[in-house]
Amino acid sequence: MDGPVASTSKSLWKGKGKGRDSGRDESLLSNSNRSLPKQDDWVPPTQSLKKYVYAKPNMADKNFLKQKAIPDKKLAHHLQALTSAAKTSSLKAFEHDDLLLSHSNQGLIETETDLERTWKVGQQEIVDGSAIGVAGKAFSLKLDEFGPYALDYTRNGRHLAIAGRKGHVATFDWHSGRLHTELHLRETVRSIKWLHDESFFAVAQKKYVYIYDKAGLEVHQLRDHIEVNQMEFLPYHFLLATIGNAGYLKYQDTSTGQLVAEHRTKLGSCQTMAQNPHNAFIHLGHQNGTVSLWSPSVSKAQVQLQAHRGPVVSIALDPSTMGNRMVTAGLDGTVKVWDTRKWAVLNEFHFKKTPASAAFSQKGLLGLGWGNHISVFNDLQKPGQNPRMSPPPYMTHTFPGVPVSNVKFCPFDDVLGVGHSTGITSLVIPGAGEPNFDSLEADPYEGKRRRREREVNQLLDKVPFDLITLDTDLLGKLDRKTAAPSETENQDKPGWKDTPFSQKTRLDRLKVKGEAVEEEDESSGEEDEDEERRKARREERVEKADAKKRARGRNSTLKKMLRKRRRNVVDPQTVALKEKLSRARDATKKAKLNAMAARSAASGTAGALDRFTFK
């Protein structure tokens, strides 16, 4: 059986042209519509395949080219070849990842019977039943003097930064336990954020935002950012976005140091901010229950919706759905799950206490910190017993008598960082992190040399902030309405037809009639009249100022007394100035006498002794 099969597979590759692909096995992505396959148990969802199909095959399809009737056959063939090559490479990339990477939802805790519940499993049971390395991921730092604490992980998930409200700031490599820096700022600290890597981090202090390096040295003081409450960093644009009590959203370019945008939200103080990692939009939650979406290139909110009846306390976006799922938490204890494609509420449930913080993991797990509880949800679409009650959680954890202030999932690891009033705690959440990381994007094991190379590449590939749009597929499209007039105005093009007189603009009609020049002459005459009028107004203002100066009276008694007091004060500067004035006065007097003597000598009226006055 091996011989015939080998010969058959060999014969499939013989021949040239269209016939050589007739015997190939059809790929998972190749079908009649040239679109992604339907979702089943063996193929990942369409949303996860979108990253492979970066080309649009229908834009250069044979049928598409025939419909548009591109006259240049060479250009049409070239476009078709480029699209075919792009599609082939995307198919190979998908098939490679589908073969090597595991796309199943492995790593989550599974129950053997229907009576068992995953949320009953505690942290100690997870550590005891896991590998030895997991024990180092579950730790707690007791810092009850400077809380509550806020925390942030780097993009590769290796470094952790913590900031206490009373001024304690520390950064360290939590994998190896190596401390980078520890600061006691002795003033209020509201937020902390890593920049493009672990070399720099920003701290929102009592009045300004400060940027520190890895050793803890102050590098910059951002005086334009005043009383900041929340910060977000856009890694592909090198922008630090801040919002504070003044209600101004500001974007600072950390690569050039310029303030690129400053937007007034007109909705008062803001305490909530989140970033959509897919399109780099900033989501703000306001005190009146409104959620607004902002980009640095537009001064107004792109989207504004009434999410809650009271203030919004937390916003989180799901990276596993490319930002298509958003969770908002209100002060009244309500949590809503939104679909950002149509801005509809998918699910709504209520908690007994106000959720202080919400965060999504890379696998789509939602972590909520409410009161002294931590609840992690796996399936938010599954309703509870009561429509207002939350769905059954995946895992839970309780801090007795300690309110939770901040929660963050660690990238590429099954860890949930929790900041509370007595320090920070690292919880192990199985199945939360993405096990497959891209070393060119974020490498947890990169060295010093690799970090420098990646930093240079990031600066070279920096994306302009003008390209931030809600529709990520907008780039590369052609606005045919704008391009159509340029084609019709080309008189050298074969088949060109002039625009009818009734459809022309007013200026074009005036040019056809020959009245445009006269209108320009009239406008020039009006400009001359305006210039004369401005000149007359300027002269009138000067005359009024002169009259006002002449009408001024004598100085007041108080000014006389102050001037007399200044005259009685003797200091070295005053003495030197008086001597200088006396020398200048003597030189002027002497110059006048010499000029008079010179004039009298030239006229012949000088006496015999007048020549001795020249010096």
# chains A, B, ... in the order shown; residues from 1 in each chain; ligands from 1
$ residues_around --residues "A:Gly369" --least-positions-apart "4" --cutoff "9 Å" --atoms "only C-alpha atoms" --output "compact mmCIF listing (two decimals) with C-alpha atoms, in the first residue's frame"
# COMPACT_ATOMS: atom_id res chain seq x y z
CA THR A 354 -20.32 47.61 44.62
CA PRO A 355 -17.67 45.98 42.35
CA ALA A 356 -14.52 48.01 42.90
CA SER A 357 -12.54 46.63 39.93
CA ALA A 358 -12.99 44.37 36.89
CA HIS A 373 -14.57 38.94 47.65
CA ILE A 374 -12.96 37.92 44.38
CA SER A 375 -15.18 36.22 41.80
CA VAL A 376 -13.90 34.82 38.50
CA PRO A 403 -11.73 45.42 51.02
CA VAL A 404 -10.42 44.79 47.51
CA SER A 405 -9.33 47.85 45.49
CA ASN A 406 -7.76 46.57 42.26
CA VAL A 407 -7.53 43.32 40.22
CA VAL A 418 -5.21 41.56 43.71
$ residues_around --residues "A:Trp194" --least-positions-apart "3" --cutoff "8 Å" --atoms "only C-alpha atoms" --output "JSON, numbers by chain"
{"A": [152, 153, 154, 161, 197, 198, 200, 201, 202, 233]}
$ write_last_selection --atoms "N, CA, C and O atoms" --output "mmCIF file, in the first residue's frame"
data_model
loop_
_atom_site.group_PDB
_atom_site.id
_atom_site.type_symbol
_atom_site.label_atom_id
_atom_site.label_comp_id
_atom_site.auth_asym_id
_atom_site.auth_seq_id
_atom_site.Cartn_x
_atom_site.Cartn_y
_atom_site.Cartn_z
ATOM 1 N N ASP A 152 0.197 46.795 38.383
ATOM 2 C CA ASP A 152 0.215 46.704 36.929
ATOM 3 C C ASP A 152 1.328 45.754 36.509
ATOM 4 O O ASP A 152 2.428 45.766 37.092
ATOM 5 N N TYR A 153 1.034 44.921 35.471
ATOM 6 C CA TYR A 153 2.004 43.986 34.900
ATOM 7 C C TYR A 153 2.517 44.532 33.572
ATOM 8 O O TYR A 153 1.822 45.279 32.870
ATOM 9 N N THR A 154 3.753 44.153 33.235
ATOM 10 C CA THR A 154 4.274 44.494 31.913
ATOM 11 C C THR A 154 3.579 43.649 30.843
ATOM 12 O O THR A 154 2.836 42.712 31.145
ATOM 13 N N ALA A 161 4.526 46.072 39.103
ATOM 14 C CA ALA A 161 4.676 47.373 39.769
ATOM 15 C C ALA A 161 3.498 47.572 40.701
ATOM 16 O O ALA A 161 2.344 47.347 40.312
ATOM 17 N N ASP A 197 8.210 49.043 28.164
ATOM 18 C CA ASP A 197 8.811 47.861 28.775
ATOM 19 C C ASP A 197 9.117 48.186 30.225
ATOM 20 O O ASP A 197 8.667 49.205 30.766
ATOM 21 N N GLU A 198 9.921 47.311 30.864
ATOM 22 C CA GLU A 198 10.205 47.494 32.291
ATOM 23 C C GLU A 198 11.235 48.573 32.579
ATOM 24 O O GLU A 198 11.583 48.799 33.741
ATOM 25 N N PHE A 200 10.885 51.870 32.119
ATOM 26 C CA PHE A 200 10.271 53.097 32.628
ATOM 27 C C PHE A 200 8.855 52.790 33.113
ATOM 28 O O PHE A 200 8.168 51.914 32.576
ATOM 29 N N PHE A 201 8.429 53.553 34.115
ATOM 30 C CA PHE A 201 7.052 53.464 34.593
ATOM 31 C C PHE A 201 6.602 54.847 35.042
ATOM 32 O O PHE A 201 7.416 55.696 35.454
ATOM 33 N N ALA A 202 5.305 55.091 34.924
ATOM 34 C CA ALA A 202 4.705 56.391 35.261
ATOM 35 C C ALA A 202 3.898 56.248 36.545
ATOM 36 O O ALA A 202 3.217 55.240 36.759
ATOM 37 N N PHE A 233 -1.508 53.119 28.755
ATOM 38 C CA PHE A 233 -0.414 53.288 27.796
ATOM 39 C C PHE A 233 -0.735 52.518 26.526
ATOM 40 O O PHE A 233 -1.098 51.328 26.583
#
$ residues_around --residues "stretch 310-312 of chain A" --least-positions-apart "4" --cutoff "12 Å" --atoms "only C-alpha atoms" --output "NGL selection string"
:A and (267-274 or 283-292 or 305-306 or 316 or 327-336 or 354-358)
$ closest_atom_pairs --of "stretch 119-187 of chain A" --to "stretch 107-114 of chain A" --cutoff "10 Å" --atoms "only C-alpha atoms" --output "CSV"
residue,atom,partner,partner_atom,distance
A:Trp119,CA,A:Ile109,CA,9.5
A:Val121,CA,A:Ile109,CA,9.2
A:Ile126,CA,A:Ile109,CA,9.6
$ select_by_dssp --residues "stretch 287-524 of chain A" --states "alpha helix (DSSP H)" --output "PyMOL selection string"
chain A and resi 448-460+480-488+506-513+516-524
$ residues_around --residues "A:Gly157" --least-positions-apart "2" --cutoff "7 Å" --atoms "only C-alpha atoms" --output "list in words"
Tyr153, Thr154, Arg155, His159, Cys410, Pro411, Phe412 and Pro444 of chain A
$ write_last_selection --atoms "C-alpha atoms" --output "tab-separated table (two decimals), in the first residue's frame"
chain	number	residue	atom	x	y	z
A	153	TYR	CA	2.00	43.99	34.90
A	154	THR	CA	4.27	44.49	31.91
A	155	ARG	CA	3.15	43.27	28.49
A	159	HIS	CA	7.53	42.38	35.95
A	410	CYS	CA	-1.01	38.54	34.50
A	411	PRO	CA	-0.35	38.06	30.75
A	412	PHE	CA	0.80	34.58	29.63
A	444	PRO	CA	8.81	36.73	29.03
$ residues_around --residues "A:His237" --least-positions-apart "3" --cutoff "7 Å" --atoms "only C-alpha atoms" --output "ChimeraX atom specification"
/A:234,462-465
$ select_by_dssp --residues "stretch 176-322 of chain A" --states "strand (DSSP E)" --output "ChimeraX atom specification"
/A:178-184,191-194,200-204,209-213,218-222,228-234,239-244,248-253,259-264,270-275,282-286,290-294,303-306,312-317
$ write_last_selection --atoms "C-alpha atoms" --output "PDB file, in the first residue's frame"
ATOM      1  CA  ARG A 178      14.447  40.330  42.282  1.00  0.00           C
ATOM      2  CA  LEU A 179      13.589  43.860  43.457  1.00  0.00           C
ATOM      3  CA  HIS A 180      14.218  46.670  40.957  1.00  0.00           C
ATOM      4  CA  THR A 181      13.404  49.730  43.040  1.00  0.00           C
ATOM      5  CA  GLU A 182      11.449  50.803  46.103  1.00  0.00           C
ATOM      6  CA  LEU A 183      10.376  54.404  46.749  1.00  0.00           C
ATOM      7  CA  HIS A 184       8.643  56.215  49.601  1.00  0.00           C
ATOM      8  CA  SER A 191      -2.150  55.063  39.866  1.00  0.00           C
ATOM      9  CA  ILE A 192       0.927  53.376  38.383  1.00  0.00           C
ATOM     10  CA  LYS A 193       1.562  52.238  34.807  1.00  0.00           C
ATOM     11  CA  TRP A 194       4.391  50.548  32.934  1.00  0.00           C
ATOM     12  CA  PHE A 200      10.271  53.097  32.628  1.00  0.00           C
ATOM     13  CA  PHE A 201       7.052  53.464  34.593  1.00  0.00           C
ATOM     14  CA  ALA A 202       4.705  56.391  35.261  1.00  0.00           C
ATOM     15  CA  VAL A 203       3.258  57.298  38.659  1.00  0.00           C
ATOM     16  CA  ALA A 204       0.233  59.568  39.149  1.00  0.00           C
ATOM     17  CA  VAL A 209       2.586  62.658  36.818  1.00  0.00           C
ATOM     18  CA  TYR A 210       6.208  61.538  37.179  1.00  0.00           C
ATOM     19  CA  ILE A 211       8.181  59.075  35.056  1.00  0.00           C
ATOM     20  CA  TYR A 212      10.872  56.950  36.749  1.00  0.00           C
ATOM     21  CA  ASP A 213      13.446  54.596  35.303  1.00  0.00           C
ATOM     22  CA  GLU A 218      13.022  60.577  38.379  1.00  0.00           C
ATOM     23  CA  VAL A 219      13.334  61.137  34.635  1.00  0.00           C
ATOM     24  CA  HIS A 220      10.440  63.458  33.754  1.00  0.00           C
ATOM     25  CA  GLN A 221       7.834  65.583  35.462  1.00  0.00           C
ATOM     26  CA  LEU A 222       4.697  65.978  33.344  1.00  0.00           C
ATOM     27  CA  VAL A 228      -4.547  62.387  37.478  1.00  0.00           C
ATOM     28  CA  ASN A 229      -6.698  59.474  38.661  1.00  0.00           C
ATOM     29  CA  GLN A 230      -6.172  56.826  35.952  1.00  0.00           C
ATOM     30  CA  MET A 231      -3.588  56.129  33.224  1.00  0.00           C
ATOM     31  CA  GLU A 232      -3.341  53.876  30.170  1.00  0.00           C
ATOM     32  CA  PHE A 233      -0.414  53.288  27.796  1.00  0.00           C
ATOM     33  CA  LEU A 234      -0.855  52.591  24.066  1.00  0.00           C
ATOM     34  CA  LEU A 239       1.074  57.371  23.977  1.00  0.00           C
ATOM     35  CA  LEU A 240       0.377  57.807  27.682  1.00  0.00           C
ATOM     36  CA  ALA A 241      -3.309  58.657  28.205  1.00  0.00           C
ATOM     37  CA  THR A 242      -4.412  60.237  31.509  1.00  0.00           C
ATOM     38  CA  ILE A 243      -7.685  61.428  33.011  1.00  0.00           C
ATOM     39  CA  GLY A 244      -8.172  63.259  36.299  1.00  0.00           C
ATOM     40  CA  TYR A 248      -9.444  66.517  30.587  1.00  0.00           C
ATOM     41  CA  LEU A 249      -8.232  63.495  28.621  1.00  0.00           C
ATOM     42  CA  LYS A 250      -4.599  64.052  27.631  1.00  0.00           C
ATOM     43  CA  TYR A 251      -2.237  62.066  25.390  1.00  0.00           C
ATOM     44  CA  GLN A 252       1.526  62.359  25.956  1.00  0.00           C
ATOM     45  CA  ASP A 253       3.957  60.940  23.398  1.00  0.00           C
ATOM     46  CA  LEU A 259       1.543  66.580  24.371  1.00  0.00           C
ATOM     47  CA  VAL A 260      -0.217  65.459  21.188  1.00  0.00           C
ATOM     48  CA  ALA A 261      -3.863  65.862  22.253  1.00  0.00           C
ATOM     49  CA  GLU A 262      -5.977  67.347  25.035  1.00  0.00           C
ATOM     50  CA  HIS A 263      -9.745  66.722  25.047  1.00  0.00           C
ATOM     51  CA  ARG A 264     -12.294  68.240  27.383  1.00  0.00           C
ATOM     52  CA  CYS A 270     -13.457  60.787  35.984  1.00  0.00           C
ATOM     53  CA  GLN A 271     -12.277  57.820  38.042  1.00  0.00           C
ATOM     54  CA  THR A 272     -12.548  54.997  35.471  1.00  0.00           C
ATOM     55  CA  MET A 273     -10.497  54.311  32.341  1.00  0.00           C
ATOM     56  CA  ALA A 274      -9.901  51.273  30.141  1.00  0.00           C
ATOM     57  CA  GLN A 275      -8.167  50.603  26.834  1.00  0.00           C
ATOM     58  CA  ILE A 282      -9.929  54.815  25.390  1.00  0.00           C
ATOM     59  CA  HIS A 283     -13.140  54.004  27.297  1.00  0.00           C
ATOM     60  CA  LEU A 284     -14.079  56.424  30.083  1.00  0.00           C
ATOM     61  CA  GLY A 285     -16.706  55.902  32.786  1.00  0.00           C
ATOM     62  CA  HIS A 286     -18.256  59.086  34.188  1.00  0.00           C
ATOM     63  CA  THR A 290     -22.136  57.535  30.831  1.00  0.00           C
ATOM     64  CA  VAL A 291     -19.448  55.556  29.004  1.00  0.00           C
ATOM     65  CA  SER A 292     -17.618  57.443  26.247  1.00  0.00           C
ATOM     66  CA  LEU A 293     -15.039  56.331  23.649  1.00  0.00           C
ATOM     67  CA  TRP A 294     -12.172  58.649  22.647  1.00  0.00           C
ATOM     68  CA  VAL A 303     -19.413  56.846  21.033  1.00  0.00           C
ATOM     69  CA  GLN A 304     -21.410  57.894  24.086  1.00  0.00           C
ATOM     70  CA  LEU A 305     -23.931  55.615  25.791  1.00  0.00           C
ATOM     71  CA  GLN A 306     -25.892  55.636  29.033  1.00  0.00           C
ATOM     72  CA  VAL A 312     -19.471  53.982  36.577  1.00  0.00           C
ATOM     73  CA  VAL A 313     -16.786  52.483  38.832  1.00  0.00           C
ATOM     74  CA  SER A 314     -15.048  50.010  36.500  1.00  0.00           C
ATOM     75  CA  ILE A 315     -14.710  49.074  32.805  1.00  0.00           C
ATOM     76  CA  ALA A 316     -13.040  46.001  31.282  1.00  0.00           C
ATOM     77  CA  LEU A 317     -12.647  44.801  27.673  1.00  0.00           C
TER      78      LEU A 317
END
$ atom_distance --atom1 "atom CA of A:Tyr236" --atom2 "atom CA of A:Ala170"
25.6 Å
$ atom_distance --atom1 "atom CA of A:Glu348" --atom2 "atom CA of A:Pro393"
14.5 Å
